[in-house]
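Below is data.tsv, holding TSV, C-alpha atoms.
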chain	number	residue	atom	x	y	z
A	103	MET	CA	11.52	382.93	32.31
A	104	SER	CA	11.27	385.63	29.66
A	105	ILE	CA	9.24	385.09	26.50
A	106	THR	CA	8.63	387.08	23.33
A	107	SER	CA	5.19	388.39	22.33
A	108	ILE	CA	3.73	390.82	19.80
A	109	TYR	CA	1.96	393.93	21.08
A	110	ARG	CA	0.23	396.77	19.29
A	111	ARG	CA	2.05	400.07	19.74
A	112	GLU	CA	0.00	402.88	18.16
A	113	ASP	CA	-0.14	401.94	14.45
A	114	ARG	CA	2.57	399.27	14.65
A	115	PHE	CA	2.93	395.72	15.92
A	116	GLU	CA	6.19	395.09	17.77
A	117	PHE	CA	8.07	392.29	19.51
A	118	GLU	CA	8.62	392.73	23.24
A	119	GLU	CA	10.22	390.55	25.88
A	120	GLY	CA	8.34	389.93	29.10
A	121	PRO	CA	7.53	387.37	31.80
A	122	ALA	CA	5.73	384.16	30.92
A	123	PRO	CA	1.95	384.32	31.50
A	124	GLU	CA	0.69	383.10	34.87
A	125	ARG	CA	-1.61	380.12	34.90
A	126	SER	CA	-4.51	379.71	37.32
A	127	LYS	CA	-5.91	376.35	38.46
A	128	ASP	CA	-8.41	375.92	35.61
A	129	ASP	CA	-6.07	377.16	32.86
A	130	VAL	CA	-3.66	375.36	30.57
A	131	LEU	CA	-0.25	376.74	29.60
A	132	VAL	CA	0.51	376.24	25.92
A	133	ARG	CA	3.78	376.69	24.06
A	134	VAL	CA	2.56	378.26	20.82
A	135	ASP	CA	3.93	377.01	17.50
A	136	HIS	CA	1.45	378.42	14.94
A	137	ILE	CA	-0.87	381.41	14.76
A	138	SER	CA	-3.25	382.64	12.07
A	139	LEU	CA	-4.29	386.08	10.88
A	140	ASN	CA	-7.94	387.13	10.73
A	141	GLY	CA	-9.44	389.96	8.70
A	142	GLY	CA	-10.68	391.74	11.83
A	143	GLU	CA	-7.40	391.77	13.74
A	144	PRO	CA	-5.77	394.77	11.97
A	145	ASN	CA	-8.68	396.98	13.09
A	146	VAL	CA	-8.96	395.97	16.75
A	147	ASP	CA	-8.10	398.52	19.43
A	148	TRP	CA	-5.85	396.06	21.25
A	149	ASP	CA	-5.12	396.42	24.94
A	150	ALA	CA	-1.49	397.55	25.09
A	151	THR	CA	-0.86	395.45	28.21
A	152	VAL	CA	-1.57	392.05	26.62
A	153	PRO	CA	-0.27	390.29	23.50
A	154	THR	CA	-2.26	390.58	20.30
A	155	GLY	CA	-4.13	387.82	18.50
A	156	TRP	CA	-7.03	385.38	18.70
A	157	ASP	CA	-5.98	382.03	17.17
A	158	ALA	CA	-3.07	379.78	18.11
A	159	SER	CA	-2.06	376.13	18.18
A	160	GLY	CA	0.72	374.56	20.19
A	161	VAL	CA	1.71	372.03	22.82
A	162	VAL	CA	0.52	371.83	26.43
A	163	VAL	CA	3.44	372.46	28.79
A	164	ASP	CA	1.60	372.80	32.12
A	165	SER	CA	-1.84	371.83	33.43
A	166	ASP	CA	-3.55	370.84	36.69
A	167	SER	CA	-6.37	368.96	34.97
A	168	PRO	CA	-5.07	365.80	33.27
A	169	GLU	CA	-8.42	364.05	33.77
A	170	SER	CA	-10.62	366.81	32.36
A	171	GLY	CA	-8.24	368.27	29.81
A	172	PRO	CA	-5.34	367.50	27.49
A	173	THR	CA	-2.19	366.05	29.02
A	174	ILE	CA	1.21	367.71	28.97
A	175	GLY	CA	2.69	367.25	25.51
A	176	ALA	CA	-0.68	367.15	23.76
A	177	ARG	CA	-1.19	369.24	20.64
A	178	VAL	CA	-4.04	371.73	21.08
A	179	VAL	CA	-5.71	374.61	19.27
A	180	THR	CA	-6.78	377.63	21.30
A	181	TRP	CA	-9.05	380.65	21.05
A	182	GLY	CA	-9.22	383.83	23.12
A	183	VAL	CA	-9.87	387.56	22.88
A	184	SER	CA	-6.11	388.23	23.10
A	185	GLY	CA	-2.79	386.58	23.86
A	186	ALA	CA	-2.29	384.37	20.80
A	187	TRP	CA	0.74	386.11	19.31
A	188	SER	CA	3.12	384.97	22.00
A	189	GLN	CA	5.55	382.13	22.56
A	190	GLN	CA	3.37	380.99	25.47
A	191	ARG	CA	-0.34	381.38	26.06
A	192	VAL	CA	-2.61	380.65	29.01
A	193	VAL	CA	-6.06	379.39	28.00
A	194	PRO	CA	-9.08	378.11	29.98
A	195	LEU	CA	-10.00	374.49	29.30
A	196	ASN	CA	-13.27	375.58	27.69
A	197	ASN	CA	-11.45	377.53	24.97
A	198	LEU	CA	-9.17	374.85	23.60
A	199	SER	CA	-9.40	371.44	21.98
A	200	LYS	CA	-6.97	368.60	21.33
A	201	ILE	CA	-5.79	368.34	17.73
A	202	PRO	CA	-6.49	364.88	16.31
A	203	ASP	CA	-3.84	362.84	14.51
A	204	GLY	CA	-3.73	363.69	10.83
A	205	VAL	CA	-4.55	367.39	11.28
A	206	ASP	CA	-1.57	369.70	10.84
A	207	SER	CA	-0.95	372.28	13.58
A	208	ALA	CA	-0.97	375.13	11.05
A	209	VAL	CA	-4.36	374.00	9.74
A	210	ALA	CA	-5.68	373.82	13.31
A	211	ALA	CA	-4.42	377.35	14.03
A	212	ALA	CA	-6.46	378.63	11.09
A	213	LEU	CA	-9.73	377.24	12.46
A	214	PRO	CA	-10.86	379.07	15.62
A	215	VAL	CA	-12.26	382.47	14.61
A	216	ALA	CA	-13.08	381.64	10.99
A	217	GLY	CA	-14.40	378.15	11.69
A	218	LEU	CA	-16.41	379.04	14.78
A	219	THR	CA	-17.94	382.02	12.99
A	220	ALA	CA	-18.87	379.97	9.92
A	221	LEU	CA	-20.32	377.09	11.95
A	222	ARG	CA	-22.30	379.22	14.35
A	223	ALA	CA	-23.55	381.59	11.66
A	224	ILE	CA	-25.08	378.69	9.75
A	225	ARG	CA	-26.72	377.50	12.95
A	226	GLN	CA	-28.04	381.00	13.62
A	227	LEU	CA	-29.61	381.17	10.17
A	228	GLY	CA	-31.49	377.95	10.99
A	229	LEU	CA	-32.20	376.88	7.41
A	230	ALA	CA	-33.69	373.48	6.64
A	231	GLU	CA	-32.25	370.88	4.27
A	232	GLY	CA	-32.75	371.83	0.65
A	233	GLN	CA	-33.12	375.56	1.28
A	234	ARG	CA	-30.96	378.03	-0.64
A	235	ILE	CA	-28.16	380.00	0.99
A	236	ALA	CA	-25.82	382.60	-0.50
A	237	VAL	CA	-22.42	383.09	1.15
A	238	THR	CA	-20.47	386.25	0.30
A	239	GLY	CA	-16.71	386.49	0.58
A	240	ALA	CA	-16.65	382.81	-0.34
A	241	SER	CA	-12.90	382.77	-0.94
A	242	GLY	CA	-12.09	384.32	2.45
A	243	GLY	CA	-11.34	382.74	5.81
A	244	VAL	CA	-14.94	382.52	7.03
A	245	GLY	CA	-16.48	382.16	3.58
A	246	HIS	CA	-14.54	379.16	2.27
A	247	LEU	CA	-15.40	377.24	5.45
A	248	ALA	CA	-19.03	378.35	5.49
A	249	ILE	CA	-19.72	377.11	1.97
A	250	GLN	CA	-18.44	373.66	2.93
A	251	LEU	CA	-20.32	373.51	6.23
A	252	ALA	CA	-23.53	374.62	4.53
A	253	ARG	CA	-23.11	371.94	1.90
A	254	ASN	CA	-22.52	369.38	4.69
A	255	CYS	CA	-25.95	370.44	6.05
A	256	ASN	CA	-27.52	369.64	2.67
A	257	LEU	CA	-28.24	373.27	1.90
A	258	ARG	CA	-28.23	374.48	-1.69
A	259	VAL	CA	-25.20	376.76	-1.59
A	260	THR	CA	-24.27	379.64	-3.87
A	261	PRO	CA	-20.76	381.00	-3.18
A	262	VAL	CA	-20.56	384.71	-4.02
A	263	VAL	CA	-17.29	386.52	-4.78
A	264	ARG	CA	-16.38	390.03	-5.89
A	265	SER	CA	-13.70	389.23	-8.48
A	266	GLU	CA	-13.00	386.79	-11.26
A	267	ALA	CA	-9.68	386.00	-9.56
A	268	SER	CA	-11.53	384.82	-6.44
A	269	ARG	CA	-13.85	382.69	-8.55
A	270	ARG	CA	-10.87	381.11	-10.34
A	271	TRP	CA	-9.25	380.43	-6.96
A	272	LEU	CA	-12.30	378.51	-5.72
A	273	ILE	CA	-12.40	376.52	-8.95
A	274	GLU	CA	-8.67	375.73	-8.89
A	275	LYS	CA	-8.96	374.59	-5.27
A	276	GLU	CA	-11.89	372.37	-6.31
A	277	MET	CA	-14.04	373.99	-3.66
A	278	PHE	CA	-17.18	374.28	-5.81
A	279	PRO	CA	-18.30	373.63	-9.39
A	280	GLU	CA	-17.75	376.64	-11.64
A	281	HIS	CA	-21.43	376.96	-12.60
A	282	ASP	CA	-22.45	377.40	-8.90
A	283	ILE	CA	-20.11	380.32	-8.13
A	284	ARG	CA	-21.44	383.83	-8.74
A	285	LEU	CA	-19.81	387.20	-9.06
A	286	VAL	CA	-21.71	389.92	-7.20
A	287	SER	CA	-22.41	391.50	-10.58
A	288	GLU	CA	-24.13	388.29	-11.72
A	289	LEU	CA	-26.67	388.13	-8.90
A	290	ASP	CA	-30.20	388.02	-10.23
A	291	PRO	CA	-33.38	389.06	-8.36
A	292	ALA	CA	-34.87	385.81	-9.63
A	293	ASP	CA	-32.46	383.79	-7.45
A	294	LEU	CA	-34.60	384.14	-4.30
A	295	PHE	CA	-32.33	382.81	-1.55
A	296	ASP	CA	-33.85	381.58	1.72
A	297	GLY	CA	-30.94	383.00	3.71
A	298	VAL	CA	-27.72	384.94	3.28
A	299	LEU	CA	-24.46	384.78	5.22
A	300	ASP	CA	-22.76	388.10	4.45
A	301	VAL	CA	-19.09	388.71	5.21
A	302	VAL	CA	-18.59	391.66	2.87
A	303	GLY	CA	-21.26	394.34	3.42
A	304	GLY	CA	-21.40	397.53	1.35
A	305	PRO	CA	-22.70	397.49	-2.25
A	306	ALA	CA	-22.44	393.69	-2.43
A	307	LEU	CA	-24.95	393.41	0.40
A	308	GLY	CA	-27.20	395.95	-1.29
A	309	ARG	CA	-27.36	393.81	-4.41
A	310	LEU	CA	-27.91	390.64	-2.37
A	311	LEU	CA	-30.89	392.12	-0.55
A	312	LYS	CA	-32.73	392.12	-3.88
A	313	THR	CA	-32.24	388.36	-4.23
A	314	VAL	CA	-33.85	386.99	-1.05
A	315	GLU	CA	-37.24	385.49	-0.44
A	316	PRO	CA	-39.81	387.49	1.55
A	317	GLY	CA	-39.36	386.51	5.19
A	318	ALA	CA	-35.70	385.54	4.69
A	319	THR	CA	-32.87	386.29	7.11
A	320	VAL	CA	-29.69	388.09	6.08
A	321	LEU	CA	-26.98	387.45	8.67
A	322	LEU	CA	-24.13	389.96	8.93
A	323	VAL	CA	-20.86	388.36	10.03
A	324	GLY	CA	-18.42	391.00	8.81
A	325	GLY	CA	-17.86	394.03	6.63
A	326	SER	CA	-14.64	393.36	4.76
A	327	SER	CA	-15.49	395.84	2.00
A	328	ARG	CA	-15.37	398.71	4.52
A	329	LYS	CA	-17.90	400.49	2.31
A	330	HIS	CA	-21.08	402.28	3.35
A	331	LEU	CA	-24.55	401.05	2.44
A	332	SER	CA	-27.85	402.90	2.78
A	333	VAL	CA	-30.78	400.53	3.32
A	334	ASP	CA	-34.47	401.27	2.71
A	335	THR	CA	-35.87	399.94	5.98
A	336	GLY	CA	-39.42	400.34	4.73
A	337	TRP	CA	-38.67	397.98	1.85
A	338	LEU	CA	-37.15	395.48	4.29
A	339	SER	CA	-40.20	395.71	6.52
A	340	ASP	CA	-42.64	395.27	3.64
A	341	ARG	CA	-40.84	392.08	2.58
A	342	ARG	CA	-40.38	390.90	6.20
A	343	ILE	CA	-36.63	390.53	5.66
A	344	SER	CA	-34.63	390.19	8.87
A	345	LEU	CA	-31.25	391.95	8.78
A	346	VAL	CA	-29.41	390.67	11.86
A	347	SER	CA	-25.85	390.46	13.18
A	348	PHE	CA	-23.85	387.39	14.16
A	349	ASN	CA	-23.96	387.15	17.95
A	350	ASN	CA	-22.46	383.86	19.17
A	351	TYR	CA	-19.19	384.28	21.05
A	352	ALA	CA	-19.61	381.40	23.50
A	353	THR	CA	-16.73	379.31	24.77
A	354	ALA	CA	-15.11	377.30	22.03
A	355	SER	CA	-13.95	373.83	23.06
A	356	THR	CA	-16.97	371.79	21.92
A	357	ASP	CA	-17.30	373.46	18.54
A	358	LEU	CA	-13.55	373.44	17.97
A	359	ALA	CA	-13.58	369.68	18.54
A	360	LEU	CA	-16.39	369.34	15.98
A	361	LEU	CA	-14.50	371.39	13.38
A	362	LEU	CA	-11.28	369.45	13.97
A	363	ASP	CA	-13.14	366.16	13.61
A	364	LEU	CA	-14.62	367.30	10.29
A	365	ALA	CA	-11.14	368.28	9.13
A	366	ALA	CA	-9.71	364.92	10.22
A	367	GLN	CA	-12.45	363.11	8.28
A	368	GLY	CA	-11.80	365.18	5.14
A	369	LYS	CA	-15.25	366.79	5.35
A	370	LEU	CA	-13.80	370.27	5.91
A	371	ARG	CA	-10.81	371.58	3.97
A	372	VAL	CA	-9.02	374.48	5.64
A	373	LEU	CA	-7.07	376.26	2.92
A	374	THR	CA	-3.99	377.93	4.34
A	375	THR	CA	-1.10	380.01	3.03
A	376	ASP	CA	2.20	379.72	4.87
A	377	GLY	CA	3.17	383.26	5.86
A	378	GLY	CA	6.51	382.08	7.19
A	379	ASP	CA	8.09	383.29	10.40
A	380	TRP	CA	5.85	385.46	12.62
A	381	SER	CA	8.30	388.35	12.27
A	382	ALA	CA	6.36	389.25	9.10
A	383	LEU	CA	3.59	390.55	11.37
A	384	THR	CA	5.94	393.25	12.65
A	385	GLN	CA	7.42	394.15	9.26
A	386	LYS	CA	4.42	394.65	6.97
A	387	PRO	CA	0.91	396.12	7.31
A	388	LEU	CA	-1.34	393.29	8.46
A	389	LEU	CA	-3.84	393.94	5.66
A	390	ASP	CA	-1.08	393.18	3.15
A	391	LEU	CA	-0.64	389.73	4.70
A	392	ILE	CA	-4.27	388.62	4.41
A	393	THR	CA	-4.84	386.17	1.56
A	394	ARG	CA	-7.66	384.02	0.27
A	395	GLY	CA	-8.39	381.26	2.74
A	396	LYS	CA	-6.27	381.81	5.86
A	397	THR	CA	-2.65	382.87	6.39
A	398	THR	CA	-0.68	381.15	9.13
A	399	PHE	CA	2.68	381.94	10.73
A	400	THR	CA	5.23	379.86	12.61
A	401	ILE	CA	6.57	380.80	16.04
A	402	PRO	CA	10.11	379.42	16.29
A	403	TYR	CA	10.98	377.28	19.31
A	404	ASN	CA	14.41	377.44	20.91
A	405	PRO	CA	14.84	374.43	23.26
A	406	ALA	CA	18.08	375.81	24.66
A	407	ALA	CA	16.25	378.93	25.85
A	408	GLY	CA	13.17	377.01	26.98
A	409	ARG	CA	11.01	378.81	24.42
Here is a file; write its structure as structure tokens.
Amino acid sequence: MSITSIYRREDRFEFEEGPAPERSKDDVLVRVDHISLNGGEPNVDWDATVPTGWDASGVVVDSDSPESGPTIGARVVTWGVSGAWSQQRVVPLNNLSKIPDGVDSAVAAALPVAGLTALRAIRQLGLAEGQRIAVTGASGGVGHLAIQLARNCNLRVTPVVRSEASRRWLIEKEMFPEHDIRLVSELDPADLFDGVLDVVGGPALGRLLKTVEPGATVLLVGGSSRKHLSVDTGWLSDRRISLVSFNNYATASTDLALLLDLAAQGKLRVLTTDGGDWSALTQKPLLDLITRGKTTFTIPYNPAAGR
């Protein structure tokens, strides 16, 4: 059976027809119905032989492991280093999780990369209850989840954004009280955060470095500003500030289940924008499609064609 997938072709993303992916014994075949766009995906040097994309949700259509995994017909969310932007995807059992009742498939599709990064970054920081954390890019995919997960851990959270429009968005979405949200320009050296989760980099990070306690950790999980920053390493050393990178890319099923459970309980709100049909990914620059929160797209299903 032939299926449609999106591949990167030089500086473009294009639809191509090809054979359905082959499933091995420990894999699950999923008919994809929703995908989401991440800030890093436009800049990846994608392998031209495999479909693009990291995050997808859908329905299990073939599996050898009904006892250890989801049954045929179950709704699942999946993660992988490629293959998401396709009508069908093959995923190992350890990189998917069943979607609980009450969680929309589009919401689930928005969770893998952003949710796993936010969850694991907070773990990596290792802050104790009551300590202060600043989260940059707080209106973005990773950021808006991280501020909620940090608050769930009883950390004292300061969301940091670069524009007044982003601050208003967080307020309108009732994500955080207005008085807790800071513009980068409002950061004060007297704040003294115990840890920082930085998604933005560049000048925003430079200003943040002046607001952390001696001995604090600043965790780099992205560089959405795409701007250069020169750092005085001697100053960092004198203040014993650890500037480290996010490094947890382990298999996803357990943590995906945790995130989905939080969403089902209403303890984690995944804010999504409906980007419509996935053809938009082939018609516009991907950076133009990235919004606050996460953008999701629908992959149409044609029962008559089996896809």
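Comparing A:Glu280, A:Asp149, A:Asp300, A:Asp363 by their smallest distance to Gly245 of chain A, the closest is A:Asp300 (using all atoms listed in the file).
With distances restricted to all atoms listed in the file, A:Arg394 is the closest residue to Val263 of chain A from A:Gly232, A:Val346, A:Arg394, A:Ser381.
With distances taken from (-20.4, 404.5, -0.9) and restricted to all atoms listed in the file, the residues inside 8 Å are Gly304, Pro305, Lys329, His330 and Leu331 of chain A.
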Would you mind exporting C-alpha atoms of the selected residues as a compact mmCIF listing (two decimals), in the frame of the given file?
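Output below, filename out.txt:
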# COMPACT_ATOMS: atom_id res chain seq x y z
CA GLY A 304 -21.40 397.53 1.35
CA PRO A 305 -22.70 397.49 -2.25
CA LYS A 329 -17.90 400.49 2.31
CA HIS A 330 -21.08 402.28 3.35
CA LEU A 331 -24.55 401.05 2.44
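Distances from A:Leu310, A:Val192, A:Ala210, A:Leu272 to Val237 of chain A were compared using only C-alpha atoms, and the smallest one belongs to A:Leu310.
For the pair atom CA of Thr356 of chain A and atom CA of Trp156 of chain A, the interatomic distance is 17.1 Å.
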* To do: Do a neighbour search on Thr260 of chain A at 10 Å with only C-alpha atoms, toss out local chain neighbours closer than 5 positions, and write the hits as JSON, numbers by chain.
  => {"A": [234, 235, 236, 237, 238, 240, 249, 252, 253, 278, 281, 282, 283, 284, 293, 295, 298]}
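Using all atoms listed in the file, the smallest distance between any of A:Leu285, A:Leu139, A:Leu391, A:Val314 and Ala212 of chain A comes from A:Leu139.
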* To do: Pick out the residues sitting within 10 Å of Ala292 of chain A, and hand them over as a ChimeraX atom specification; count all atoms listed in the file, and ignore anything fewer than 5 positions along from it in its own chain.
  => /A:312-315
Serialized selection, C-alpha atoms, as a PDB file, in the coordinates of the input:
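The file below, selection38.pdb, is the result:
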ATOM      1  CA  LYS A 312     -32.730 392.120  -3.880  1.00  0.00           C
ATOM      2  CA  THR A 313     -32.240 388.360  -4.230  1.00  0.00           C
ATOM      3  CA  VAL A 314     -33.850 386.990  -1.050  1.00  0.00           C
ATOM      4  CA  GLU A 315     -37.240 385.490  -0.440  1.00  0.00           C
TER       5      GLU A 315
END
* Asked: Please, what distance in Å, to one decimal, runs between atom CA of Leu373 of chain A and atom CA of Val146 of chain A?
  -> 24.2 Å
* Return the single residue from A:Asp357, A:Asp164, A:Asp290, A:Asp203 that is closest to Ala220 of chain A, with distances computed using only C-alpha atoms. => A:Asp357
* atom CA of Asn145 of chain A and atom CA of Leu389 of chain A, how far apart in Å? -> 9.4 Å
* **Contacts of Val152 of chain A at 8 Å (only C-alpha atoms; same-chain gap of 2+ positions) as a PyMOL selection string** => chain A and resi 109+148-150+154+184-185
